[in-house]
>>> print(open('upload14.txt').read())   # compact mmCIF, C-alpha atoms and all ligand atoms
# COMPACT_ATOMS: atom_id res chain seq x y z
CA MET A 40 29.44 66.48 -179.84
CA LEU A 41 29.63 69.21 -177.21
CA VAL A 42 28.42 67.82 -173.86
CA LEU A 43 29.79 70.52 -171.58
CA LYS A 44 28.02 73.85 -171.98
CA HIS A 45 29.24 75.71 -168.89
CA GLU A 46 31.81 78.51 -169.00
CA MET A 47 34.47 76.69 -166.98
CA ARG A 48 34.90 73.94 -169.57
CA PRO A 49 38.20 73.39 -171.37
CA SER A 50 37.89 74.41 -175.00
CA PRO A 51 39.21 71.87 -177.52
CA THR A 52 40.45 72.86 -180.95
CA ALA A 53 38.59 71.42 -183.93
CA ASP A 54 41.13 68.60 -184.21
CA GLU A 55 40.94 67.83 -180.50
CA GLN A 56 37.15 67.82 -180.66
CA ALA A 57 37.25 65.43 -183.62
CA ARG A 58 39.47 63.10 -181.62
CA GLN A 59 37.12 63.23 -178.64
CA ASN A 60 34.17 62.54 -180.94
CA PHE A 61 35.99 59.49 -182.26
CA VAL A 62 36.57 58.20 -178.71
CA MET A 63 32.90 58.77 -177.83
CA GLY A 64 31.88 56.82 -180.93
CA LEU A 65 34.30 54.04 -180.06
CA ARG A 66 32.97 53.79 -176.50
CA SER A 67 29.40 53.78 -177.69
CA PHE A 68 30.25 51.02 -180.19
CA VAL A 69 31.98 48.91 -177.51
CA LEU A 70 29.35 49.43 -174.79
CA ASN A 71 26.32 49.00 -177.01
CA ASP A 72 27.06 47.07 -180.23
CA LEU A 73 29.97 44.92 -179.12
CA ALA A 74 28.40 44.32 -175.69
CA SER A 75 25.32 42.99 -177.40
CA ASP A 76 27.43 40.71 -179.64
CA MET A 77 29.24 39.43 -176.53
CA ARG A 78 25.94 38.69 -174.84
CA HIS A 79 24.78 36.83 -177.93
CA ALA A 80 28.00 34.75 -177.87
CA TYR A 81 27.39 34.02 -174.20
CA GLU A 82 23.80 32.95 -174.66
CA THR A 83 24.28 30.87 -177.79
CA ARG A 84 27.71 29.33 -177.23
CA ILE A 85 29.34 29.96 -173.83
CA ALA A 86 26.44 29.33 -171.43
CA PRO A 87 25.32 26.17 -173.28
CA ALA A 88 28.91 24.80 -173.14
CA PHE A 89 29.00 25.53 -169.38
CA ALA A 90 25.62 23.81 -168.94
CA ARG A 91 26.80 20.70 -170.81
CA THR A 92 29.69 20.36 -168.33
CA HIS A 93 27.90 21.35 -165.12
CA GLN A 94 24.29 20.34 -165.88
CA ARG A 95 23.19 23.88 -164.92
CA PRO A 96 23.71 27.45 -166.16
CA PRO A 97 26.29 29.75 -164.50
CA ALA A 98 24.76 30.90 -161.22
CA THR A 99 26.79 34.01 -160.38
CA GLY A 100 28.67 36.83 -162.06
CA SER A 101 31.95 35.19 -161.06
CA GLU A 102 30.94 31.94 -162.77
CA VAL A 103 29.99 33.83 -165.91
CA HIS A 104 33.36 35.60 -165.79
CA ARG A 105 35.25 32.29 -165.50
CA ALA A 106 33.20 30.78 -168.31
CA ILE A 107 33.61 33.72 -170.70
CA ARG A 108 37.13 34.97 -170.13
CA GLY A 109 38.87 32.49 -172.43
CA ASP A 110 36.54 33.37 -175.28
CA ALA A 111 37.75 35.47 -178.23
CA MET A 112 34.63 37.65 -178.12
CA PHE A 113 35.33 38.61 -174.51
CA ALA A 114 39.00 39.28 -175.32
CA LEU A 115 38.01 41.56 -178.18
CA TYR A 116 35.44 43.42 -176.07
CA SER A 117 37.82 43.84 -173.13
CA ALA A 118 40.84 44.88 -175.19
CA LEU A 119 38.81 47.50 -177.03
CA ARG A 120 37.17 48.73 -173.84
CA VAL A 121 40.46 49.09 -171.92
CA ASN A 122 42.05 50.95 -174.80
CA ALA A 123 39.00 53.16 -175.31
CA GLN A 124 39.24 54.06 -171.62
CA ARG A 125 42.89 55.05 -172.03
CA LEU A 126 41.94 57.08 -175.10
CA VAL A 127 39.33 58.96 -173.05
CA TRP A 128 42.08 60.46 -170.89
CA ASP A 129 44.53 60.79 -173.80
CA SER A 130 41.95 62.85 -175.68
CA VAL A 131 41.49 65.40 -172.89
CA ILE A 132 44.82 65.72 -171.07
CA PRO A 133 46.54 67.78 -173.82
CA VAL A 134 43.51 70.08 -174.06
CA VAL A 135 43.61 70.80 -170.34
CA ALA A 136 47.41 71.22 -170.32
CA ARG A 137 47.11 73.88 -173.04
CA GLU A 138 44.10 75.51 -171.41
CA ARG A 139 45.45 75.53 -167.86
CA PRO A 140 46.43 79.22 -167.53
CA ARG A 141 43.11 80.37 -168.96
CA LEU A 142 41.11 77.98 -166.74
CA GLU A 143 43.01 78.99 -163.62
CA SER A 144 42.43 82.66 -164.24
CA ILE A 145 38.70 82.09 -164.89
CA ALA A 146 38.49 80.06 -161.67
CA ALA A 147 40.28 82.73 -159.66
CA ARG A 148 37.86 85.38 -160.97
CA ALA A 149 34.81 83.16 -160.38
CA SER A 150 35.76 82.27 -156.82
CA GLY A 151 36.42 85.94 -156.00
CA GLY A 152 38.71 84.91 -153.15
CA ASP A 153 35.97 82.70 -151.72
CA GLY A 154 36.93 79.30 -153.10
CA PRO A 155 36.57 75.86 -151.57
CA ALA A 156 37.72 75.19 -148.00
CA LEU A 157 41.04 73.37 -148.56
CA ARG A 158 43.44 72.02 -145.95
CA ASP A 159 47.23 72.17 -146.31
CA ASP A 160 47.75 69.19 -144.00
CA PHE A 161 45.21 66.96 -145.69
CA ALA A 162 46.29 63.34 -146.26
CA LEU A 163 44.58 61.62 -149.19
CA PRO A 164 43.27 58.14 -148.36
CA SER A 165 44.97 55.20 -150.05
CA ASN A 166 41.86 54.18 -152.02
CA VAL A 167 42.54 57.35 -154.03
CA THR A 168 46.35 57.26 -154.12
CA ALA A 169 47.21 53.56 -154.51
CA VAL A 170 45.71 53.08 -157.98
CA ASP A 171 44.97 55.21 -161.02
CA VAL A 172 41.22 54.92 -160.42
CA HIS A 173 39.50 53.99 -163.70
CA LEU A 174 42.87 54.49 -165.39
CA LEU A 175 42.87 58.26 -164.77
CA PRO A 176 46.60 59.06 -164.74
CA GLY A 177 47.57 60.13 -161.21
CA SER A 178 44.03 59.47 -159.94
CA TYR A 179 41.81 62.21 -158.49
CA GLY A 180 44.35 63.89 -156.22
CA ARG A 181 47.21 64.59 -158.65
CA SER A 182 48.24 68.18 -158.07
CA ASP A 183 51.31 70.37 -158.30
CA GLY A 184 50.13 73.11 -155.99
CA ARG A 185 47.38 75.02 -154.30
CA HIS A 186 45.79 76.37 -157.48
CA ASP A 187 46.11 73.25 -159.60
CA LEU A 188 42.64 72.44 -160.92
CA THR A 189 43.78 70.39 -163.91
CA THR A 190 42.65 67.01 -162.60
CA GLY A 191 39.18 68.48 -162.07
CA ALA A 192 39.10 69.78 -165.64
CA ILE A 193 40.39 66.46 -166.98
CA TYR A 194 37.70 64.61 -165.05
CA ASP A 195 34.96 66.91 -166.37
CA GLN A 196 35.88 66.64 -170.02
CA GLY A 197 36.93 63.00 -169.60
CA LEU A 198 33.54 62.05 -168.14
CA ALA A 199 31.85 63.88 -171.02
CA VAL A 200 33.78 61.77 -173.53
CA PHE A 201 33.36 58.60 -171.43
CA SER A 202 29.58 58.92 -171.24
CA PHE A 203 29.04 60.00 -174.88
CA GLY A 204 26.07 62.24 -174.07
CA LEU A 205 24.24 59.84 -171.72
CA MET A 206 24.93 61.90 -168.61
CA GLY A 207 23.24 65.03 -169.86
CA ASP A 208 24.44 68.55 -170.52
CA ASN A 209 27.11 69.34 -167.94
CA LEU A 210 26.96 65.71 -166.74
CA ASP A 211 24.20 66.24 -164.22
CA ASP A 212 21.69 63.62 -165.33
CA ILE A 213 22.10 61.43 -162.23
CA GLY A 214 21.55 64.32 -159.81
CA SER A 215 18.79 65.90 -161.91
CA SER A 216 16.87 62.64 -162.36
CA ILE A 217 17.12 61.62 -158.71
CA ALA A 218 16.43 65.08 -157.25
CA ARG A 219 13.30 65.33 -159.41
CA PHE A 220 12.27 61.82 -158.39
CA ILE A 221 12.73 62.52 -154.64
CA ALA A 222 10.89 65.85 -154.87
CA GLY A 223 8.00 64.05 -156.66
CA ARG A 224 7.91 61.05 -154.35
CA TYR A 225 8.21 62.99 -151.10
CA PRO A 226 6.56 66.36 -151.70
CA ASP A 227 6.59 67.14 -147.96
CA PHE A 228 10.33 66.53 -147.62
CA ALA A 229 11.94 69.98 -147.40
CA PRO A 230 15.64 69.63 -146.61
CA ARG A 231 17.33 72.78 -145.30
CA ASP A 232 20.87 71.35 -145.27
CA ILE A 233 22.07 68.91 -147.91
CA LEU A 234 25.46 67.19 -147.98
CA ASP A 235 26.94 65.52 -151.07
CA VAL A 236 29.88 63.25 -150.20
CA GLY A 237 32.52 62.30 -152.79
CA CYS A 238 31.30 65.11 -155.06
CA THR A 239 34.43 65.31 -157.31
CA ILE A 240 33.52 68.44 -159.37
CA GLY A 241 29.98 68.87 -158.00
CA HIS A 242 28.28 68.04 -161.31
CA ASN A 243 25.62 65.97 -159.52
CA THR A 244 25.49 68.33 -156.53
CA ALA A 245 24.15 71.28 -158.52
CA PRO A 246 20.70 69.72 -159.22
CA TRP A 247 19.99 69.48 -155.48
CA ALA A 248 20.60 73.20 -155.13
CA ARG A 249 18.23 73.79 -158.06
CA HIS A 250 15.45 71.56 -156.68
CA TYR A 251 15.70 72.87 -153.13
CA PRO A 252 16.72 76.51 -153.68
CA TYR A 253 16.20 77.49 -150.04
CA ALA A 254 18.63 74.76 -148.86
CA THR A 255 22.29 75.18 -148.04
CA VAL A 256 24.15 72.58 -150.06
CA THR A 257 27.60 71.36 -149.04
CA ALA A 258 29.80 69.22 -151.27
CA ILE A 259 32.85 67.43 -149.91
CA ASP A 260 35.63 65.40 -151.44
CA VAL A 261 39.17 64.44 -150.47
CA ALA A 262 40.71 65.65 -153.77
CA ALA A 263 41.49 69.38 -154.01
CA PRO A 264 41.78 69.79 -157.83
CA GLY A 265 38.16 68.74 -158.37
CA LEU A 266 36.98 71.05 -155.59
CA ILE A 267 38.81 74.08 -157.00
CA TYR A 268 37.47 73.41 -160.48
CA GLY A 269 34.00 72.41 -159.22
CA ASP A 270 33.58 75.50 -157.08
CA ALA A 271 34.23 77.76 -160.08
CA ARG A 272 32.14 75.54 -162.37
CA ALA A 273 29.16 75.81 -160.01
CA LYS A 274 29.53 79.58 -159.56
CA LEU A 275 29.76 80.15 -163.31
CA GLN A 276 26.59 78.09 -163.83
CA GLY A 277 24.78 80.08 -161.16
CA ALA A 278 24.20 76.71 -159.49
CA GLY A 279 23.05 78.21 -156.21
CA ASN A 280 24.37 78.13 -152.73
CA ILE A 281 26.96 75.32 -152.77
CA ARG A 282 29.92 75.22 -150.36
CA PHE A 283 32.80 73.00 -151.38
CA ALA A 284 35.14 71.58 -148.73
CA GLN A 285 38.03 69.14 -148.59
CA MET A 286 37.02 66.40 -146.17
CA ASP A 287 37.00 62.65 -145.75
CA ALA A 288 33.49 61.17 -145.79
CA THR A 289 34.58 58.52 -143.29
CA LYS A 290 35.27 61.22 -140.66
CA LEU A 291 33.16 64.29 -141.24
CA ASP A 292 33.95 67.53 -139.43
CA TYR A 293 30.26 68.29 -138.83
CA PRO A 294 28.41 68.00 -135.51
CA ASP A 295 25.71 65.39 -134.96
CA ALA A 296 22.33 66.12 -136.55
CA SER A 297 23.46 68.91 -138.88
CA PHE A 298 21.93 67.79 -142.22
CA ASP A 299 18.52 66.76 -143.58
CA MET A 300 19.97 64.84 -146.47
CA VAL A 301 23.25 63.04 -147.16
CA PHE A 302 23.63 62.11 -150.82
CA SER A 303 26.33 60.42 -152.86
CA SER A 304 26.57 59.26 -156.44
CA MET A 305 28.93 56.73 -157.97
CA PHE A 306 30.98 57.00 -154.79
CA LEU A 307 30.70 53.93 -152.55
CA HIS A 308 32.06 51.44 -155.09
CA GLU A 309 35.43 53.22 -154.93
CA LEU A 310 35.79 52.57 -151.18
CA SER A 311 36.80 49.54 -149.13
CA LEU A 312 34.04 47.83 -147.18
CA LYS A 313 35.54 49.25 -143.98
CA GLN A 314 35.33 52.78 -145.44
CA ILE A 315 31.76 52.17 -146.64
CA ASP A 316 30.70 51.19 -143.13
CA ALA A 317 32.32 54.35 -141.79
CA VAL A 318 30.61 56.55 -144.44
CA MET A 319 27.22 55.06 -143.55
CA ARG A 320 27.79 55.55 -139.82
CA GLU A 321 28.89 59.14 -140.39
CA ALA A 322 25.84 59.80 -142.57
CA ARG A 323 23.60 58.50 -139.81
CA ARG A 324 25.41 60.60 -137.20
CA VAL A 325 25.10 63.89 -139.09
CA LEU A 326 21.47 63.35 -140.16
CA ARG A 327 18.66 65.00 -138.24
CA PRO A 328 15.58 62.96 -137.33
CA GLY A 329 13.45 62.61 -140.47
CA GLY A 330 16.52 63.11 -142.67
CA LEU A 331 17.38 60.95 -145.68
CA MET A 332 20.61 59.18 -146.62
CA LEU A 333 20.60 58.34 -150.34
CA HIS A 334 23.35 56.73 -152.41
CA MET A 335 23.16 56.39 -156.17
CA GLU A 336 25.25 53.42 -157.16
CA LEU A 337 25.73 50.52 -159.49
CA PRO A 338 23.04 47.97 -158.69
CA PRO A 339 23.86 45.13 -156.26
CA ASN A 340 24.82 41.68 -157.49
CA PRO A 341 22.39 39.80 -155.21
CA GLN A 342 19.53 41.52 -157.05
CA MET A 343 20.82 40.88 -160.57
CA ALA A 344 20.87 38.05 -163.06
CA ALA A 345 24.27 36.29 -163.27
CA TYR A 346 25.19 37.76 -166.67
CA ASP A 347 24.30 41.33 -165.66
CA ALA A 348 26.31 40.95 -162.45
CA PHE A 349 29.32 39.81 -164.51
CA TYR A 350 28.85 42.68 -166.94
CA LEU A 351 28.93 45.37 -164.24
CA ASP A 352 31.79 43.66 -162.37
CA TRP A 353 34.03 44.09 -165.42
CA ASP A 354 35.43 47.37 -164.05
CA ALA A 355 36.65 45.69 -160.87
CA TYR A 356 38.94 43.44 -162.89
CA TYR A 357 39.96 45.56 -165.85
CA ASN A 358 39.41 49.24 -165.04
CA GLU A 359 41.34 49.81 -161.80
CA GLU A 360 38.27 49.86 -159.59
CA PRO A 361 39.45 47.22 -157.15
CA PHE A 362 36.74 47.66 -154.51
CA SER A 363 33.72 47.73 -156.77
CA LYS A 364 32.93 44.00 -156.83
CA ALA A 365 33.16 43.64 -153.05
CA PHE A 366 30.72 46.55 -152.74
CA ARG A 367 28.37 45.18 -155.40
CA ASP A 368 28.34 41.80 -153.68
CA GLN A 369 26.73 43.42 -150.62
CA GLU A 370 23.01 43.69 -149.95
CA PRO A 371 22.50 47.48 -149.51
CA ARG A 372 19.67 46.94 -147.03
CA LYS A 373 22.13 45.16 -144.71
CA LEU A 374 24.76 47.91 -145.09
CA CYS A 375 22.21 50.47 -143.89
CA ALA A 376 21.07 48.27 -140.99
CA LYS A 377 24.71 47.69 -139.96
CA ALA A 378 25.16 51.47 -139.69
CA GLY A 379 22.22 51.61 -137.28
CA PHE A 380 19.37 52.63 -139.61
CA ASP A 381 16.04 50.98 -138.81
CA PRO A 382 15.50 48.30 -141.51
CA ALA A 383 11.88 49.47 -141.75
CA ASN A 384 13.20 52.83 -142.99
CA TYR A 385 15.16 51.35 -145.91
CA VAL A 386 14.37 52.62 -149.41
CA GLN A 387 15.62 51.76 -152.88
CA PHE A 388 14.62 53.02 -156.30
CA VAL A 389 15.38 52.71 -159.97
CA VAL A 390 15.05 56.16 -161.50
CA PRO A 391 14.69 56.60 -165.26
CA SER A 392 17.27 58.92 -166.78
CA LEU A 393 15.70 62.36 -167.21
CA GLY A 394 17.73 63.01 -170.35
CA PHE A 395 16.84 59.72 -171.98
CA PHE A 396 13.23 59.12 -170.92
CA GLY A 397 12.05 62.67 -170.13
CA ALA A 398 10.41 64.34 -167.13
CA GLN A 399 7.10 62.47 -167.41
CA ALA A 400 8.83 59.09 -166.99
CA VAL A 401 10.61 60.33 -163.85
CA ASP A 402 7.36 61.71 -162.44
CA ASP A 403 5.51 58.46 -163.26
CA ALA A 404 8.24 56.43 -161.54
CA ALA A 405 8.01 58.70 -158.47
CA ALA A 406 4.26 58.10 -158.31
CA MET A 407 4.59 54.29 -158.52
CA GLN A 408 4.14 52.40 -155.27
CA ASP A 409 6.25 49.37 -156.25
CA GLU A 410 9.77 48.89 -155.07
CA THR A 411 12.65 48.65 -157.48
CA VAL A 412 12.57 46.77 -160.73
CA LEU A 413 16.12 46.24 -161.94
CA ASP A 414 16.60 45.44 -165.58
CA ASP A 415 19.66 44.77 -167.68
CA ASN A 416 20.13 48.48 -168.46
CA THR A 417 20.12 49.57 -164.81
CA GLY A 418 23.42 51.27 -164.10
CA ARG A 419 24.75 50.57 -167.61
CA LEU A 420 25.78 53.31 -169.97
CA ALA A 421 23.41 51.97 -172.59
CA ASP A 422 20.39 53.12 -174.54
CA GLY A 423 17.70 53.42 -171.90
CA VAL A 424 19.92 53.87 -168.84
CA ARG A 425 18.29 53.87 -165.40
CA TRP A 426 19.89 54.91 -162.12
CA PHE A 427 19.76 52.71 -159.01
CA CYS A 428 19.76 54.30 -155.57
CA PHE A 429 19.26 53.16 -152.03
CA GLY A 430 19.33 54.56 -148.52
CA ALA A 431 17.33 55.02 -145.37
CA TRP A 432 15.38 57.57 -143.39
CA GLN A 433 16.71 58.60 -140.03
CA SER A 434 14.26 57.80 -137.20
C1 LIG B 1 33.61 58.38 -159.03
S1 LIG B 1 33.97 59.81 -158.15
C2 LIG B 1 32.36 60.39 -157.70
C3 LIG B 1 31.72 61.13 -158.75
C4 LIG B 1 30.56 62.01 -158.47
N1 LIG B 1 30.00 61.97 -157.15
C5 LIG B 1 29.50 61.72 -159.51
O1 LIG B 1 28.34 61.93 -159.21
O2 LIG B 1 29.82 61.33 -160.65
C6 LIG B 1 34.58 59.33 -156.59
C7 LIG B 1 35.05 60.52 -155.76
O3 LIG B 1 35.20 60.11 -154.40
C8 LIG B 1 36.29 60.79 -153.84
N2 LIG B 1 36.69 60.08 -152.62
C9 LIG B 1 37.32 58.91 -152.51
N3 LIG B 1 37.45 58.55 -151.21
C10 LIG B 1 36.86 59.53 -150.48
C11 LIG B 1 36.62 59.73 -149.09
N4 LIG B 1 37.04 58.87 -148.19
N5 LIG B 1 35.96 60.84 -148.71
C12 LIG B 1 35.50 61.75 -149.63
N6 LIG B 1 35.72 61.62 -150.95
C13 LIG B 1 36.37 60.51 -151.37
C14 LIG B 1 37.30 60.82 -154.95
O4 LIG B 1 38.27 61.82 -154.74
C15 LIG B 1 36.40 61.06 -156.16
O5 LIG B 1 36.30 62.43 -156.41
>>> encode(input="upload14.txt", output="structure tokens", more="lines below")
Ligand SMILES: C[S@@+](CC[C@H](N)C(=O)[O-])C[C@H]1O[C@@H](n2cnc3c(N)ncnc32)[C@H](O)[C@@H]1O
Amino acid sequence: MLVLKHEMRPSPTADEQARQNFVMGLRSFVLNDLASDMRHAYETRIAPAFARTHQRPPATGSEVHRAIRGDAMFALYSALRVNAQRLVWDSVIPVVARERPRLESIAARASGGDGPALRDDFALPSNVTAVDVHLLPGSYGRSDGRHDLTTGAIYDQGLAVFSFGLMGDNLDDIGSSIARFIAGRYPDFAPRDILDVGCTIGHNTAPWARHYPYATVTAIDVAAPGLIYGDARAKLQGAGNIRFAQMDATKLDYPDASFDMVFSSMFLHELSLKQIDAVMREARRVLRPGGLMLHMELPPNPQMAAYDAFYLDWDAYYNEEPFSKAFRDQEPRKLCAKAGFDPANYVQFVVPSLGFFGAQAVDDAAAMQDETVLDDNTGRLADGVRWFCFGAWQS
């Protein structure tokens, strides 16, 4: 299956593609079929055993985790999922290593001497350096020099394998679904300056530039390889006016009131709570009155059933995403209020995936007056995925 269609993509040989297809199939099997068998084991065997001992069902994700982790079904699921995750990277790293000279020369041509704004003295924060985030060898910042884009290319093709087609062509389903939803829900909102923080390779930045073609879109990240690759990737897709810059979202270089929208996707759960507070405060500082801060994220535990909370917390324990549970245990409304946003200006949505449900479903969701309805596919890479997002309007 070829998920990436843009010109910057690494090109696997037939054998490499077959291997990647196998890993996609394995991940789909683990996350759909085996996950459903594990849930069945929980409902028919594990939860009833817990209830016999405690005279009540497990009340939180942590209780479900404690109840299930000695079970053979959970061990099988987890072992296969960890190894499938390692195989994701194993199936793309050799492709990118072989392709590196070609990719670097394409990127140099595409950037035309006007690449991302990088900083020689930039210090990567420890949330990126201390662990191999989601088992990506060397994490996001691994680099052997100023032109090294390989980690960006590995991330791109790795995410394509990881998501087995559920993130859309060129992996932009989150950005495309949410940008369409926001444009439908707020037809009078016309942002002139949009900032995407923690953009990695800008795959979910590009849809904002498409939906708001008159806007200047800026995408920042701390990791240079993704920015070098992402800048060329966006230019080769004709993705519009996107400026990529190396910057820490907890201390932005921009003056107060310089953006109409601050967006992030799948970003906050990789930060400490202290960093999250700083990101929110910075977003509020750089937003103009009437501007929107919007974060797409995994849905919060306080709004989920105990089993679903456990299911999405799995990555915190077994996939080198050490901050994700602490983030998911927060109530997003309170995070926004803590940063100074008026609680009356809080918003949250569940947006149907454009690729899975189609444009009409996104438009219908945008027209609905109700607040969020989370279900057990929200945030999961499963058939029928939906994207959760939350944020606040600046007064
Ligand atoms: C999971 S990726 C985000 C992916 C992307 N936004 C998407 O839509 O899929 C997390 C990104 O956050 C970046 N990051 C981590 N800490 C950061 C910080 N303090 N400031 C800016 N970027 C940061 C990492 O380098 C990484 O590229």
>>> residues_near_ligand(input="upload14.txt", ligand="ligand LIG 1 (chain B)", cutoff="7 Å", atoms="all atoms listed in the file", output="list in words")
Pro164, Asn166, Val167, Tyr179, Gly180, Ile213, Val236, Gly237, Cys238, Thr239, Gly241, His242, Asn243, Ile259, Asp260, Val261, Ala262, Gly265, Met286, Asp287, Ala288, Thr289, Ser303, Ser304, Met305, Phe306, Glu309, Leu310 and Gln314 of chain A
>>> write_last_selection(input="upload14.txt", atoms="C-alpha atoms", output="mmCIF file, in the frame of the given file")
data_model
loop_
_atom_site.group_PDB
_atom_site.id
_atom_site.type_symbol
_atom_site.label_atom_id
_atom_site.label_comp_id
_atom_site.auth_asym_id
_atom_site.auth_seq_id
_atom_site.Cartn_x
_atom_site.Cartn_y
_atom_site.Cartn_z
ATOM 1 C CA PRO A 164 43.270 58.140 -148.360
ATOM 2 C CA ASN A 166 41.860 54.180 -152.020
ATOM 3 C CA VAL A 167 42.540 57.350 -154.030
ATOM 4 C CA TYR A 179 41.810 62.210 -158.490
ATOM 5 C CA GLY A 180 44.350 63.890 -156.220
ATOM 6 C CA ILE A 213 22.100 61.430 -162.230
ATOM 7 C CA VAL A 236 29.880 63.250 -150.200
ATOM 8 C CA GLY A 237 32.520 62.300 -152.790
ATOM 9 C CA CYS A 238 31.300 65.110 -155.060
ATOM 10 C CA THR A 239 34.430 65.310 -157.310
ATOM 11 C CA GLY A 241 29.980 68.870 -158.000
ATOM 12 C CA HIS A 242 28.280 68.040 -161.310
ATOM 13 C CA ASN A 243 25.620 65.970 -159.520
ATOM 14 C CA ILE A 259 32.850 67.430 -149.910
ATOM 15 C CA ASP A 260 35.630 65.400 -151.440
ATOM 16 C CA VAL A 261 39.170 64.440 -150.470
ATOM 17 C CA ALA A 262 40.710 65.650 -153.770
ATOM 18 C CA GLY A 265 38.160 68.740 -158.370
ATOM 19 C CA MET A 286 37.020 66.400 -146.170
ATOM 20 C CA ASP A 287 37.000 62.650 -145.750
ATOM 21 C CA ALA A 288 33.490 61.170 -145.790
ATOM 22 C CA THR A 289 34.580 58.520 -143.290
ATOM 23 C CA SER A 303 26.330 60.420 -152.860
ATOM 24 C CA SER A 304 26.570 59.260 -156.440
ATOM 25 C CA MET A 305 28.930 56.730 -157.970
ATOM 26 C CA PHE A 306 30.980 57.000 -154.790
ATOM 27 C CA GLU A 309 35.430 53.220 -154.930
ATOM 28 C CA LEU A 310 35.790 52.570 -151.180
ATOM 29 C CA GLN A 314 35.330 52.780 -145.440
#
>>> closest_residue(input="upload14.txt", among="A:Leu188, A:Tyr225, A:Asp347, A:Ala383", to="Gly154 of chain A", atoms="only C-alpha atoms")
A:Leu188
>>> closest_residue(input="upload14.txt", among="A:Gly279, A:Gly379, A:Pro140, A:Pro264", to="Glu321 of chain A", atoms="all atoms listed in the file")
A:Gly379
>>> residues_around(input="upload14.txt", residues="segment 388-396 of chain A", least_positions_apart="6", cutoff="10 Å", atoms="all atoms listed in the file", output="PyMOL selection string")
chain A and resi 204-208+211-221+333+335+338+402-405+409-414+417-418+422-430
>>> residues_around(input="upload14.txt", residues="Pro328 of chain A", least_positions_apart="2", cutoff="6 Å", atoms="all atoms listed in the file", output="PyMOL selection string")
chain A and resi 330+433-434
>>> residues_around(input="upload14.txt", residues="segment 247-255 of chain A", least_positions_apart="5", cutoff="10 Å", atoms="only C-alpha atoms", output="PyMOL selection string")
chain A and resi 214-215+217-219+221-222+228-235+277-282+298-299+302
